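Since the structure comes first, as structure tokens, the remarks are kept for the end.
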Amino acid sequence: MLDTVRGWVREAHRIAVLTGAGMSAESGVPTFRDAQTGLWAHFNPQELATESAFRAHPQRVWDWYEHRRQMIAAVKPNAGHLALADFARQHPGRFTLITQNVDGLHQLAGNTDALALHGNIAEDRWLDAPRACCGADSLEPGHPPRCPVCGNLRRPAVVWFGEHLPAQALEDAERAARECDLMLVVGTSGEVYPAAGLAFTAHQSGARVVIVNPEPTPLDAVAEHRLSEPAAVCLPVLLA
Ligand code: BV8
């Protein structure tokens with residue numbers, strides 16, 4: 001079956017790739033479904049990754065992101081990330097990478113134009129609309145840092161549950177899903193929307209959908225095939 005899918009990759013005019021946390025698993029970044037560790041063992045990420053959790057417990061949420069940032073700073077792109085970056089370089093204009101991941105590993109591997117639907121964990125922004133006093137260069141240090149004048153808090157520049165995705169990235173992703181004739185869905189449990197919906201959009205637009213994931217997911221329903229392999233093993237062969 002891998003050879004059949006390799007044939008589909010070769011003959012496809014436009015390829016869209018949608019990745020999730022499983023893409024970074026072999027870099028050593030725990031997926032969202034992996035058990036939370038340490039201080040956050042008894043918290044559900046879907047509850048921590050919300051504005052209401054941050055407003056209620058700013059230090060707990062801020063420190064969770066700091067913990068994840070330190071972990072991500074210590075890892076590097078894996079063979080799967082590098083294979084996608086090489087493929088994009090060899091097939092400009094024929095390939096769109098859409099990621100749910102906030103770890104920046106696709107961008108680090110060379111996919112600098114990846115559509116980052118959920119933002120980037122390495123960046124911060126103001127929690128409330130910044131006033132003249134809110135300067136990113138005059139922060140009062142803390143967990144989180146804040147504006148020394150009005151107390152406005154800094155927050156991770158990621159998309160939390162209940163927040164809208166960046167409009168342009170989502171629009172570009174939806175167009176890529178509509179226009180592709182092959183979509184590879186790699187390392188995602190397909191449970192978070194609107195990102196997961198892109199696989200349905202591709203299918204409804206007549207594209208072939210191929211999943212790369214050792215486990216079944218709800219997206220299997222629209223997949224022509226699931227390659228039950230880890231991304232870092234499968235993608236270098238699939239895209240060679
Ligand atoms: C939105 C950033 C419009 C933060 C993330 C009620 C109110 C409001 C909205 C909703 C609602 N009910 C439902 C929704 C929609 C909600 C949603 O989808 N909820 C789900 C849980 C049901 N979505 C939203 O809220 C989105 N916004 O809808 O706005 C709106 C606005 C207001 C009011 C109404 C509507 C925003 C969603 C974005 C959330 N932010 N990340 C942060 O990272 O801290 S999502 C976060 O979780 C990740 O970014 C990622 O996207 C997701 C985790 O999913 P996966 O990436 O799939 O990872 P996961 O661990 O789940 O799975 C890993 C997979 O990899 C597994 O299948 C595994 O088998 C596989 N795997 C493991 N190893 C490997 C592998 N595969 C290959 N190789 C390997 N080696």
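Each chain in the structure tokens gets a letter, A, B and so on, in the order shown; residues start at 1 in every chain, and ligands are counted from 1 in the order they appear.
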* What lies within 10 Å of Pro145 in chain A using only C-alpha atoms, ignoring chain neighbours under 2 positions off, as a list in words? ->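 In the requested form, the answer reads Gln59, Trp62, Trp126, Ala136, Ser138, Leu139, Glu140, Pro141, Gly142, His143, Cys147, Pro148, Gly151, Asn152, Leu153, Arg154 and Arg155 of chain A.
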Let's have the selection written as a compact mmCIF listing (two decimals), in the first residue's frame, with N, CA and C atoms.
# COMPACT_ATOMS: atom_id res chain seq x y z
N GLN A 59 -1.00 32.24 37.01
CA GLN A 59 0.32 31.65 37.24
C GLN A 59 0.34 30.18 36.82
N TRP A 62 0.32 30.14 32.98
CA TRP A 62 1.59 30.67 32.48
C TRP A 62 2.71 29.66 32.69
N TRP A 126 -0.64 40.66 24.50
CA TRP A 126 -1.33 41.21 25.67
C TRP A 126 -2.65 40.48 25.87
N ALA A 136 5.95 46.22 25.36
CA ALA A 136 6.55 44.88 25.54
C ALA A 136 8.00 45.01 26.03
N SER A 138 8.88 47.17 28.43
CA SER A 138 8.95 47.67 29.82
C SER A 138 8.03 46.82 30.69
N LEU A 139 8.28 45.51 30.68
CA LEU A 139 7.41 44.58 31.41
C LEU A 139 7.86 44.46 32.86
N GLU A 140 6.88 44.28 33.71
CA GLU A 140 7.20 43.93 35.10
C GLU A 140 7.34 42.40 35.12
N PRO A 141 8.50 41.86 35.45
CA PRO A 141 8.66 40.41 35.38
C PRO A 141 7.66 39.71 36.30
N GLY A 142 7.32 38.48 35.95
CA GLY A 142 6.40 37.73 36.81
C GLY A 142 5.86 36.50 36.07
N HIS A 143 4.98 35.78 36.72
CA HIS A 143 4.38 34.58 36.12
C HIS A 143 2.87 34.78 36.04
N CYS A 147 2.08 44.63 32.57
CA CYS A 147 2.40 46.05 32.37
C CYS A 147 2.53 46.68 33.76
N PRO A 148 3.66 47.34 34.05
CA PRO A 148 3.86 47.91 35.39
C PRO A 148 2.89 49.06 35.70
N GLY A 151 -1.20 46.89 34.74
CA GLY A 151 -1.37 45.51 35.19
C GLY A 151 -1.84 44.53 34.11
N ASN A 152 -1.95 45.02 32.86
CA ASN A 152 -2.33 44.13 31.75
C ASN A 152 -1.36 42.96 31.71
N LEU A 153 -1.90 41.74 31.56
CA LEU A 153 -1.04 40.54 31.60
C LEU A 153 -0.56 40.15 30.20
N ARG A 154 0.63 39.58 30.12
CA ARG A 154 1.09 38.93 28.89
C ARG A 154 0.50 37.51 28.88
N ARG A 155 0.18 37.00 27.66
CA ARG A 155 -0.35 35.64 27.52
C ARG A 155 0.32 35.00 26.32
Long-range neighbours of Val237 in chain A as a PDB file with C-alpha atoms, in the first residue's frame, 9 Å cut-off, only C-alpha atoms, 5 positions minimum in chain:
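Written file, result_37.pdb:
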ATOM      1  CA  LEU A   2       2.875   2.384   0.682  1.00  0.00           C
ATOM      2  CA  ARG A   6       3.744   6.973  -3.236  1.00  0.00           C
ATOM      3  CA  ALA A  83      10.953  15.231   4.667  1.00  0.00           C
TER       4      ALA A  83
END
* Asked: Contacts of Val29 in chain A at 9 Å or less, counting only C-alpha atoms, minus same-chain residues fewer than 4 places along, as number ranges by chain?
  -> A: 21-22, 24-25, 68, 71-72, 75, 103
What would the file look like if the residues just selected were written as an mmCIF file, in the first residue's frame with N, CA, C and O atoms?
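Result written to selection_6.cif:
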data_model
loop_
_atom_site.group_PDB
_atom_site.id
_atom_site.type_symbol
_atom_site.label_atom_id
_atom_site.label_comp_id
_atom_site.auth_asym_id
_atom_site.auth_seq_id
_atom_site.Cartn_x
_atom_site.Cartn_y
_atom_site.Cartn_z
ATOM 1 N N ALA A 21 -0.204 16.927 16.725
ATOM 2 C CA ALA A 21 0.850 16.723 17.720
ATOM 3 C C ALA A 21 1.663 15.453 17.470
ATOM 4 O O ALA A 21 2.839 15.368 17.843
ATOM 5 N N GLY A 22 1.064 14.440 16.836
ATOM 6 C CA GLY A 22 1.790 13.199 16.571
ATOM 7 C C GLY A 22 2.986 13.408 15.657
ATOM 8 O O GLY A 22 3.945 12.639 15.668
ATOM 9 N N SER A 24 5.163 15.665 16.023
ATOM 10 C CA SER A 24 6.321 16.027 16.848
ATOM 11 C C SER A 24 6.647 14.974 17.901
ATOM 12 O O SER A 24 7.603 15.135 18.670
ATOM 13 N N ALA A 25 5.857 13.901 17.933
ATOM 14 C CA ALA A 25 6.070 12.878 18.976
ATOM 15 C C ALA A 25 7.493 12.330 18.914
ATOM 16 O O ALA A 25 8.163 12.186 19.949
ATOM 17 N N ARG A 68 6.262 23.909 28.870
ATOM 18 C CA ARG A 68 6.209 23.377 27.496
ATOM 19 C C ARG A 68 7.218 24.085 26.601
ATOM 20 O O ARG A 68 7.869 23.478 25.753
ATOM 21 N N MET A 71 10.610 22.661 27.211
ATOM 22 C CA MET A 71 10.719 21.323 26.615
ATOM 23 C C MET A 71 10.923 21.455 25.100
ATOM 24 O O MET A 71 11.783 20.815 24.500
ATOM 25 N N ILE A 72 10.146 22.336 24.490
ATOM 26 C CA ILE A 72 10.213 22.491 23.023
ATOM 27 C C ILE A 72 11.550 23.111 22.603
ATOM 28 O O ILE A 72 12.129 22.747 21.576
ATOM 29 N N VAL A 75 14.197 20.439 21.888
ATOM 30 C CA VAL A 75 14.038 19.383 20.871
ATOM 31 C C VAL A 75 14.281 19.960 19.477
ATOM 32 O O VAL A 75 14.407 21.164 19.305
ATOM 33 N N ASP A 103 4.475 24.229 18.159
ATOM 34 C CA ASP A 103 5.878 24.064 18.593
ATOM 35 C C ASP A 103 6.889 24.668 17.619
ATOM 36 O O ASP A 103 8.084 24.679 17.916
#
* To do: Compile the contact shell of Gln36 in chain A as a list in words: residues with an atom at most 12 Å away, counting only C-alpha atoms, same-chain residues fewer than 6 positions apart removed.
  => Val29, Pro30, His42, Phe43, Asn44, Pro45, Gln46, Leu48, Trp64, His67 and Arg68 of chain A
* **Picked from range 4-80 of chain A by DSSP as helix (DSSP H, G or I), as a VMD selection string** => chain A and resid 4 to 11 21 to 27 38 to 40 45 to 48 51 to 56 58 to 73 79 to 80
Output C-alpha atoms for every residue in that selection, as a PDB file, in the first residue's frame.
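Dumped to again_1.pdb:
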ATOM      1  CA  THR A   4       0.348   2.861  -4.096  1.00  0.00           C
ATOM      2  CA  VAL A   5       0.292   5.992  -1.938  1.00  0.00           C
ATOM      3  CA  ARG A   6       3.744   6.973  -3.236  1.00  0.00           C
ATOM      4  CA  GLY A   7       2.185   6.780  -6.715  1.00  0.00           C
ATOM      5  CA  TRP A   8      -0.667   9.048  -5.587  1.00  0.00           C
ATOM      6  CA  VAL A   9       1.901  11.544  -4.258  1.00  0.00           C
ATOM      7  CA  ARG A  10       3.772  11.502  -7.599  1.00  0.00           C
ATOM      8  CA  GLU A  11       0.665  12.006  -9.726  1.00  0.00           C
ATOM      9  CA  ALA A  21       0.850  16.723  17.720  1.00  0.00           C
ATOM     10  CA  GLY A  22       1.790  13.199  16.571  1.00  0.00           C
ATOM     11  CA  MET A  23       4.073  14.862  13.992  1.00  0.00           C
ATOM     12  CA  SER A  24       6.321  16.027  16.848  1.00  0.00           C
ATOM     13  CA  ALA A  25       6.070  12.878  18.976  1.00  0.00           C
ATOM     14  CA  GLU A  26       9.334  11.494  17.597  1.00  0.00           C
ATOM     15  CA  SER A  27      11.056  14.768  18.401  1.00  0.00           C
ATOM     16  CA  GLY A  38       4.210  16.838  37.096  1.00  0.00           C
ATOM     17  CA  LEU A  39       2.305  19.816  38.456  1.00  0.00           C
ATOM     18  CA  TRP A  40      -0.322  19.549  35.734  1.00  0.00           C
ATOM     19  CA  PRO A  45      -5.143  20.442  28.628  1.00  0.00           C
ATOM     20  CA  GLN A  46      -8.473  21.434  27.137  1.00  0.00           C
ATOM     21  CA  GLU A  47      -9.306  23.152  30.413  1.00  0.00           C
ATOM     22  CA  LEU A  48      -5.899  24.781  30.849  1.00  0.00           C
ATOM     23  CA  GLU A  51      -8.823  32.282  28.460  1.00  0.00           C
ATOM     24  CA  SER A  52     -11.060  31.620  31.466  1.00  0.00           C
ATOM     25  CA  ALA A  53      -8.463  29.276  33.006  1.00  0.00           C
ATOM     26  CA  PHE A  54      -5.785  31.920  32.435  1.00  0.00           C
ATOM     27  CA  ARG A  55      -7.872  34.693  33.989  1.00  0.00           C
ATOM     28  CA  ALA A  56      -8.758  32.456  36.951  1.00  0.00           C
ATOM     29  CA  PRO A  58      -2.752  33.089  35.512  1.00  0.00           C
ATOM     30  CA  GLN A  59       0.324  31.646  37.241  1.00  0.00           C
ATOM     31  CA  ARG A  60      -0.740  27.997  36.788  1.00  0.00           C
ATOM     32  CA  VAL A  61      -1.450  28.460  33.070  1.00  0.00           C
ATOM     33  CA  TRP A  62       1.589  30.670  32.480  1.00  0.00           C
ATOM     34  CA  ASP A  63       3.902  28.127  34.182  1.00  0.00           C
ATOM     35  CA  TRP A  64       2.388  25.275  32.127  1.00  0.00           C
ATOM     36  CA  TYR A  65       3.321  27.161  28.963  1.00  0.00           C
ATOM     37  CA  GLU A  66       6.776  28.000  30.335  1.00  0.00           C
ATOM     38  CA  HIS A  67       7.279  24.268  31.050  1.00  0.00           C
ATOM     39  CA  ARG A  68       6.209  23.377  27.496  1.00  0.00           C
ATOM     40  CA  ARG A  69       8.365  26.166  25.987  1.00  0.00           C
ATOM     41  CA  GLN A  70      11.450  24.865  27.812  1.00  0.00           C
ATOM     42  CA  MET A  71      10.719  21.323  26.615  1.00  0.00           C
ATOM     43  CA  ILE A  72      10.213  22.491  23.023  1.00  0.00           C
ATOM     44  CA  ALA A  73      13.365  24.651  23.101  1.00  0.00           C
ATOM     45  CA  ALA A  79      12.929  13.096   9.902  1.00  0.00           C
ATOM     46  CA  GLY A  80       9.237  13.618   9.199  1.00  0.00           C
TER      47      GLY A  80
END
* **For atom 68 (C, counted along the ligand's line) of ligand 1 and CA of Ala41 in chain A, the interatomic separation in Å (one decimal)** =>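 These atoms are spaced 19.1 Å apart.
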* For Asn101 in chain A, please output as a PyMOL selection string all residues within 8 Å (counting only C-alpha atoms; exclusion window: fewer than 6 positions along the same chain). => chain A and resi 19-21+116-120
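The residue set within 10 Å of Glu174 in chain A, counting only C-alpha atoms and dropping same-chain residues fewer than 2 places from it, reads Ile98, Gln168, Ala169, Leu170, Glu171, Asp172, Ala176, Ala177, Arg178, Glu179, Pro194, Ala195, Gly197, Leu198, Ala199, Thr201 and Ala202 of chain A.
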Using N, CA and C atoms, can you export the residues from the last selection as a CSV table (one decimal), in the first residue's frame?
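Output file selection10.csv follows:
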chain,number,residue,atom,x,y,z
A,98,ILE,N,-0.4,22.6,6.4
A,98,ILE,CA,-1.3,23.2,7.5
A,98,ILE,C,-1.0,22.5,8.8
A,168,GLN,N,-6.8,34.7,8.2
A,168,GLN,CA,-6.2,34.5,6.9
A,168,GLN,C,-5.6,33.0,6.8
A,169,ALA,N,-5.0,32.5,7.9
A,169,ALA,CA,-4.5,31.2,7.9
A,169,ALA,C,-5.6,30.2,7.6
A,170,LEU,N,-6.7,30.4,8.3
A,170,LEU,CA,-7.8,29.4,8.1
A,170,LEU,C,-8.4,29.5,6.7
A,171,GLU,N,-8.5,30.7,6.2
A,171,GLU,CA,-9.0,30.9,4.8
A,171,GLU,C,-8.1,30.2,3.8
A,172,ASP,N,-6.8,30.4,4.0
A,172,ASP,CA,-5.8,29.7,3.1
A,172,ASP,C,-5.9,28.2,3.2
A,176,ALA,N,-6.8,25.5,0.4
A,176,ALA,CA,-5.9,24.4,0.0
A,176,ALA,C,-6.7,23.0,0.1
A,177,ALA,N,-7.5,22.9,1.1
A,177,ALA,CA,-8.3,21.7,1.3
A,177,ALA,C,-9.3,21.5,0.1
A,178,ARG,N,-9.9,22.6,-0.4
A,178,ARG,CA,-10.8,22.5,-1.5
A,178,ARG,C,-10.1,22.2,-2.8
A,179,GLU,N,-8.9,22.7,-2.9
A,179,GLU,CA,-8.2,22.7,-4.3
A,179,GLU,C,-7.3,21.5,-4.4
A,194,PRO,N,-12.0,24.1,14.1
A,194,PRO,CA,-12.3,23.7,12.7
A,194,PRO,C,-11.1,22.9,12.0
A,195,ALA,N,-10.0,22.7,12.6
A,195,ALA,CA,-8.8,22.1,11.9
A,195,ALA,C,-9.2,20.7,11.3
A,197,GLY,N,-11.9,19.6,10.5
A,197,GLY,CA,-12.9,19.7,9.4
A,197,GLY,C,-12.3,19.8,8.0
A,198,LEU,N,-11.0,20.2,8.0
A,198,LEU,CA,-10.3,20.3,6.7
A,198,LEU,C,-10.2,19.0,6.0
A,199,ALA,N,-10.2,17.9,6.7
A,199,ALA,CA,-10.1,16.6,6.1
A,199,ALA,C,-11.4,16.3,5.4
A,201,THR,N,-13.5,18.6,4.3
A,201,THR,CA,-13.5,19.5,3.1
A,201,THR,C,-12.8,19.0,1.9
A,202,ALA,N,-11.6,18.4,2.2
A,202,ALA,CA,-10.8,17.8,1.1
A,202,ALA,C,-11.6,16.7,0.4
* To do: Would you mind listing what lies within 12 Å of Pro92 in chain A as a list of chain:residue names, with only C-alpha atoms counted and same-chain residues fewer than 3 positions away left out?
  => A:His13, A:Arg14, A:Ile15, A:Leu84, A:Ala85, A:Asp86, A:Phe87, A:Ala88, A:Arg89, A:Phe95, A:Thr96, A:Leu97, A:Asn111, A:Asp113
The selected residues should be written to file as a PDB file, in the first residue's frame (atoms: C-alpha atoms).
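Result went into out39.pdb, see below:
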ATOM      1  CA  HIS A  13      -1.279  18.097  -8.900  1.00  0.00           C
ATOM      2  CA  ARG A  14      -1.844  19.761  -5.525  1.00  0.00           C
ATOM      3  CA  ILE A  15      -1.034  18.235  -2.148  1.00  0.00           C
ATOM      4  CA  LEU A  84       8.025  17.677   4.445  1.00  0.00           C
ATOM      5  CA  ALA A  85      10.411  20.649   4.176  1.00  0.00           C
ATOM      6  CA  ASP A  86      12.439  18.940   1.422  1.00  0.00           C
ATOM      7  CA  PHE A  87       9.269  18.044  -0.481  1.00  0.00           C
ATOM      8  CA  ALA A  88       7.992  21.622  -0.255  1.00  0.00           C
ATOM      9  CA  ARG A  89      11.307  22.911  -1.613  1.00  0.00           C
ATOM     10  CA  PHE A  95       2.215  21.831  -1.753  1.00  0.00           C
ATOM     11  CA  THR A  96       0.533  23.455   1.269  1.00  0.00           C
ATOM     12  CA  LEU A  97       1.412  22.570   4.853  1.00  0.00           C
ATOM     13  CA  ASN A 111       8.458  25.135   6.061  1.00  0.00           C
ATOM     14  CA  ASP A 113       5.151  29.321   5.089  1.00  0.00           C
TER      15      ASP A 113
END
* Asked: Which residue gives the smallest distance to ligand 1 among A:Ala167, A:Leu184, A:Cys150, A:Val159, with only C-alpha atoms and all ligand atoms counted?
  ->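 Ranked by minimum distance to ligand 1, first place goes to A:Val159.
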* To do: Report as a VMD selection string: the residues of range 28-199 of chain A with a DSSP assignment of strand (DSSP E or B), based on the backbone of this structure.
  => chain A and resid 95 to 99 115 to 116 119 to 126 140 146 153 to 158 182 to 186
The selected residues should be written to file as a PDB file, in the first residue's frame (atoms: N, CA and C atoms).
ATOM      1  N   PHE A  95       2.222  22.429  -3.084  1.00  0.00           N
ATOM      2  CA  PHE A  95       2.215  21.831  -1.753  1.00  0.00           C
ATOM      3  C   PHE A  95       1.831  22.889  -0.711  1.00  0.00           C
ATOM      4  N   THR A  96       0.885  22.555   0.151  1.00  0.00           N
ATOM      5  CA  THR A  96       0.533  23.455   1.269  1.00  0.00           C
ATOM      6  C   THR A  96       0.593  22.668   2.568  1.00  0.00           C
ATOM      7  N   LEU A  97       1.326  23.209   3.537  1.00  0.00           N
ATOM      8  CA  LEU A  97       1.412  22.570   4.853  1.00  0.00           C
ATOM      9  C   LEU A  97       0.541  23.342   5.839  1.00  0.00           C
ATOM     10  N   ILE A  98      -0.379  22.623   6.450  1.00  0.00           N
ATOM     11  CA  ILE A  98      -1.278  23.207   7.459  1.00  0.00           C
ATOM     12  C   ILE A  98      -0.986  22.506   8.777  1.00  0.00           C
ATOM     13  N   THR A  99      -0.669  23.266   9.825  1.00  0.00           N
ATOM     14  CA  THR A  99      -0.393  22.581  11.079  1.00  0.00           C
ATOM     15  C   THR A  99      -1.234  23.098  12.235  1.00  0.00           C
ATOM     16  N   LEU A 115       0.947  27.000   7.390  1.00  0.00           N
ATOM     17  CA  LEU A 115      -0.249  27.695   7.914  1.00  0.00           C
ATOM     18  C   LEU A 115      -0.438  27.230   9.358  1.00  0.00           C
ATOM     19  N   ALA A 116      -0.089  28.104  10.304  1.00  0.00           N
ATOM     20  CA  ALA A 116      -0.109  27.733  11.728  1.00  0.00           C
ATOM     21  C   ALA A 116      -1.475  28.098  12.318  1.00  0.00           C
ATOM     22  N   GLY A 119      -1.394  29.164  16.154  1.00  0.00           N
ATOM     23  CA  GLY A 119      -0.403  30.116  16.660  1.00  0.00           C
ATOM     24  C   GLY A 119       0.916  29.453  17.009  1.00  0.00           C
ATOM     25  N   ASN A 120       1.732  30.175  17.772  1.00  0.00           N
ATOM     26  CA  ASN A 120       3.084  29.725  18.093  1.00  0.00           C
ATOM     27  C   ASN A 120       3.352  29.920  19.580  1.00  0.00           C
ATOM     28  N   ILE A 121       3.719  28.839  20.235  1.00  0.00           N
ATOM     29  CA  ILE A 121       3.885  28.870  21.701  1.00  0.00           C
ATOM     30  C   ILE A 121       5.043  29.775  22.124  1.00  0.00           C
ATOM     31  N   ALA A 122       5.953  30.075  21.201  1.00  0.00           N
ATOM     32  CA  ALA A 122       7.134  30.884  21.581  1.00  0.00           C
ATOM     33  C   ALA A 122       6.797  32.368  21.660  1.00  0.00           C
ATOM     34  N   GLU A 123       5.623  32.759  21.184  1.00  0.00           N
ATOM     35  CA  GLU A 123       5.291  34.191  21.165  1.00  0.00           C
ATOM     36  C   GLU A 123       4.247  34.533  22.237  1.00  0.00           C
ATOM     37  N   ASP A 124       4.319  35.787  22.695  1.00  0.00           N
ATOM     38  CA  ASP A 124       3.344  36.301  23.678  1.00  0.00           C
ATOM     39  C   ASP A 124       2.549  37.440  23.052  1.00  0.00           C
ATOM     40  N   ARG A 125       1.428  37.766  23.671  1.00  0.00           N
ATOM     41  CA  ARG A 125       0.722  38.992  23.322  1.00  0.00           C
ATOM     42  C   ARG A 125       0.016  39.498  24.588  1.00  0.00           C
ATOM     43  N   TRP A 126      -0.638  40.662  24.501  1.00  0.00           N
ATOM     44  CA  TRP A 126      -1.332  41.209  25.669  1.00  0.00           C
ATOM     45  C   TRP A 126      -2.647  40.478  25.868  1.00  0.00           C
ATOM     46  N   GLU A 140       6.878  44.278  33.713  1.00  0.00           N
ATOM     47  CA  GLU A 140       7.202  43.926  35.102  1.00  0.00           C
ATOM     48  C   GLU A 140       7.335  42.397  35.120  1.00  0.00           C
ATOM     49  N   ARG A 146       3.693  41.485  33.377  1.00  0.00           N
ATOM     50  CA  ARG A 146       2.542  42.367  33.229  1.00  0.00           C
ATOM     51  C   ARG A 146       3.021  43.790  32.953  1.00  0.00           C
ATOM     52  N   LEU A 153      -1.896  41.737  31.564  1.00  0.00           N
ATOM     53  CA  LEU A 153      -1.039  40.541  31.596  1.00  0.00           C
ATOM     54  C   LEU A 153      -0.562  40.151  30.198  1.00  0.00           C
ATOM     55  N   ARG A 154       0.628  39.584  30.124  1.00  0.00           N
ATOM     56  CA  ARG A 154       1.086  38.927  28.887  1.00  0.00           C
ATOM     57  C   ARG A 154       0.502  37.513  28.882  1.00  0.00           C
ATOM     58  N   ARG A 155       0.183  36.998  27.657  1.00  0.00           N
ATOM     59  CA  ARG A 155      -0.353  35.637  27.524  1.00  0.00           C
ATOM     60  C   ARG A 155       0.323  35.001  26.320  1.00  0.00           C
ATOM     61  N   PRO A 156       0.363  33.650  26.271  1.00  0.00           N
ATOM     62  CA  PRO A 156       0.931  32.995  25.091  1.00  0.00           C
ATOM     63  C   PRO A 156       0.110  33.330  23.843  1.00  0.00           C
ATOM     64  N   ALA A 157       0.791  33.556  22.711  1.00  0.00           N
ATOM     65  CA  ALA A 157       0.093  33.937  21.472  1.00  0.00           C
ATOM     66  C   ALA A 157      -0.387  32.677  20.740  1.00  0.00           C
ATOM     67  N   VAL A 158      -1.065  31.790  21.472  1.00  0.00           N
ATOM     68  CA  VAL A 158      -1.657  30.598  20.856  1.00  0.00           C
ATOM     69  C   VAL A 158      -3.162  30.779  20.825  1.00  0.00           C
ATOM     70  N   LEU A 182      -4.898  15.567  -3.278  1.00  0.00           N
ATOM     71  CA  LEU A 182      -4.447  14.605  -2.266  1.00  0.00           C
ATOM     72  C   LEU A 182      -4.226  15.360  -0.957  1.00  0.00           C
ATOM     73  N   MET A 183      -4.773  14.847   0.138  1.00  0.00           N
ATOM     74  CA  MET A 183      -4.493  15.417   1.471  1.00  0.00           C
ATOM     75  C   MET A 183      -3.888  14.319   2.352  1.00  0.00           C
ATOM     76  N   LEU A 184      -2.718  14.635   2.901  1.00  0.00           N
ATOM     77  CA  LEU A 184      -2.111  13.740   3.901  1.00  0.00           C
ATOM     78  C   LEU A 184      -2.459  14.309   5.275  1.00  0.00           C
ATOM     79  N   VAL A 185      -3.036  13.462   6.125  1.00  0.00           N
ATOM     80  CA  VAL A 185      -3.421  13.888   7.486  1.00  0.00           C
ATOM     81  C   VAL A 185      -2.508  13.145   8.448  1.00  0.00           C
ATOM     82  N   VAL A 186      -1.595  13.863   9.084  1.00  0.00           N
ATOM     83  CA  VAL A 186      -0.492  13.228   9.807  1.00  0.00           C
ATOM     84  C   VAL A 186      -0.527  13.567  11.294  1.00  0.00           C
TER      85      VAL A 186
END
* For ligand 1, which residue among A:Lys76, A:Arg131, A:His164, A:His57 is the nearest when counting only C-alpha atoms and all ligand atoms? -> A:His164
* **Å distance separating atom 18 (O, counted along the ligand's line) of ligand 1 from CA of Leu127 in chain A, one decimal place** => 21.7 Å
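For the pair atom 63 (C, counted along the ligand's line) of ligand 1 and CA of Ala12 in chain A, the separation is 26.1 Å.
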* Structure fact -> Min atom-atom distance to ligand 1 from the set A:Ala232, A:Val222, A:Leu238, A:Val192, counting only C-alpha atoms and all ligand atoms, belongs to A:Val192
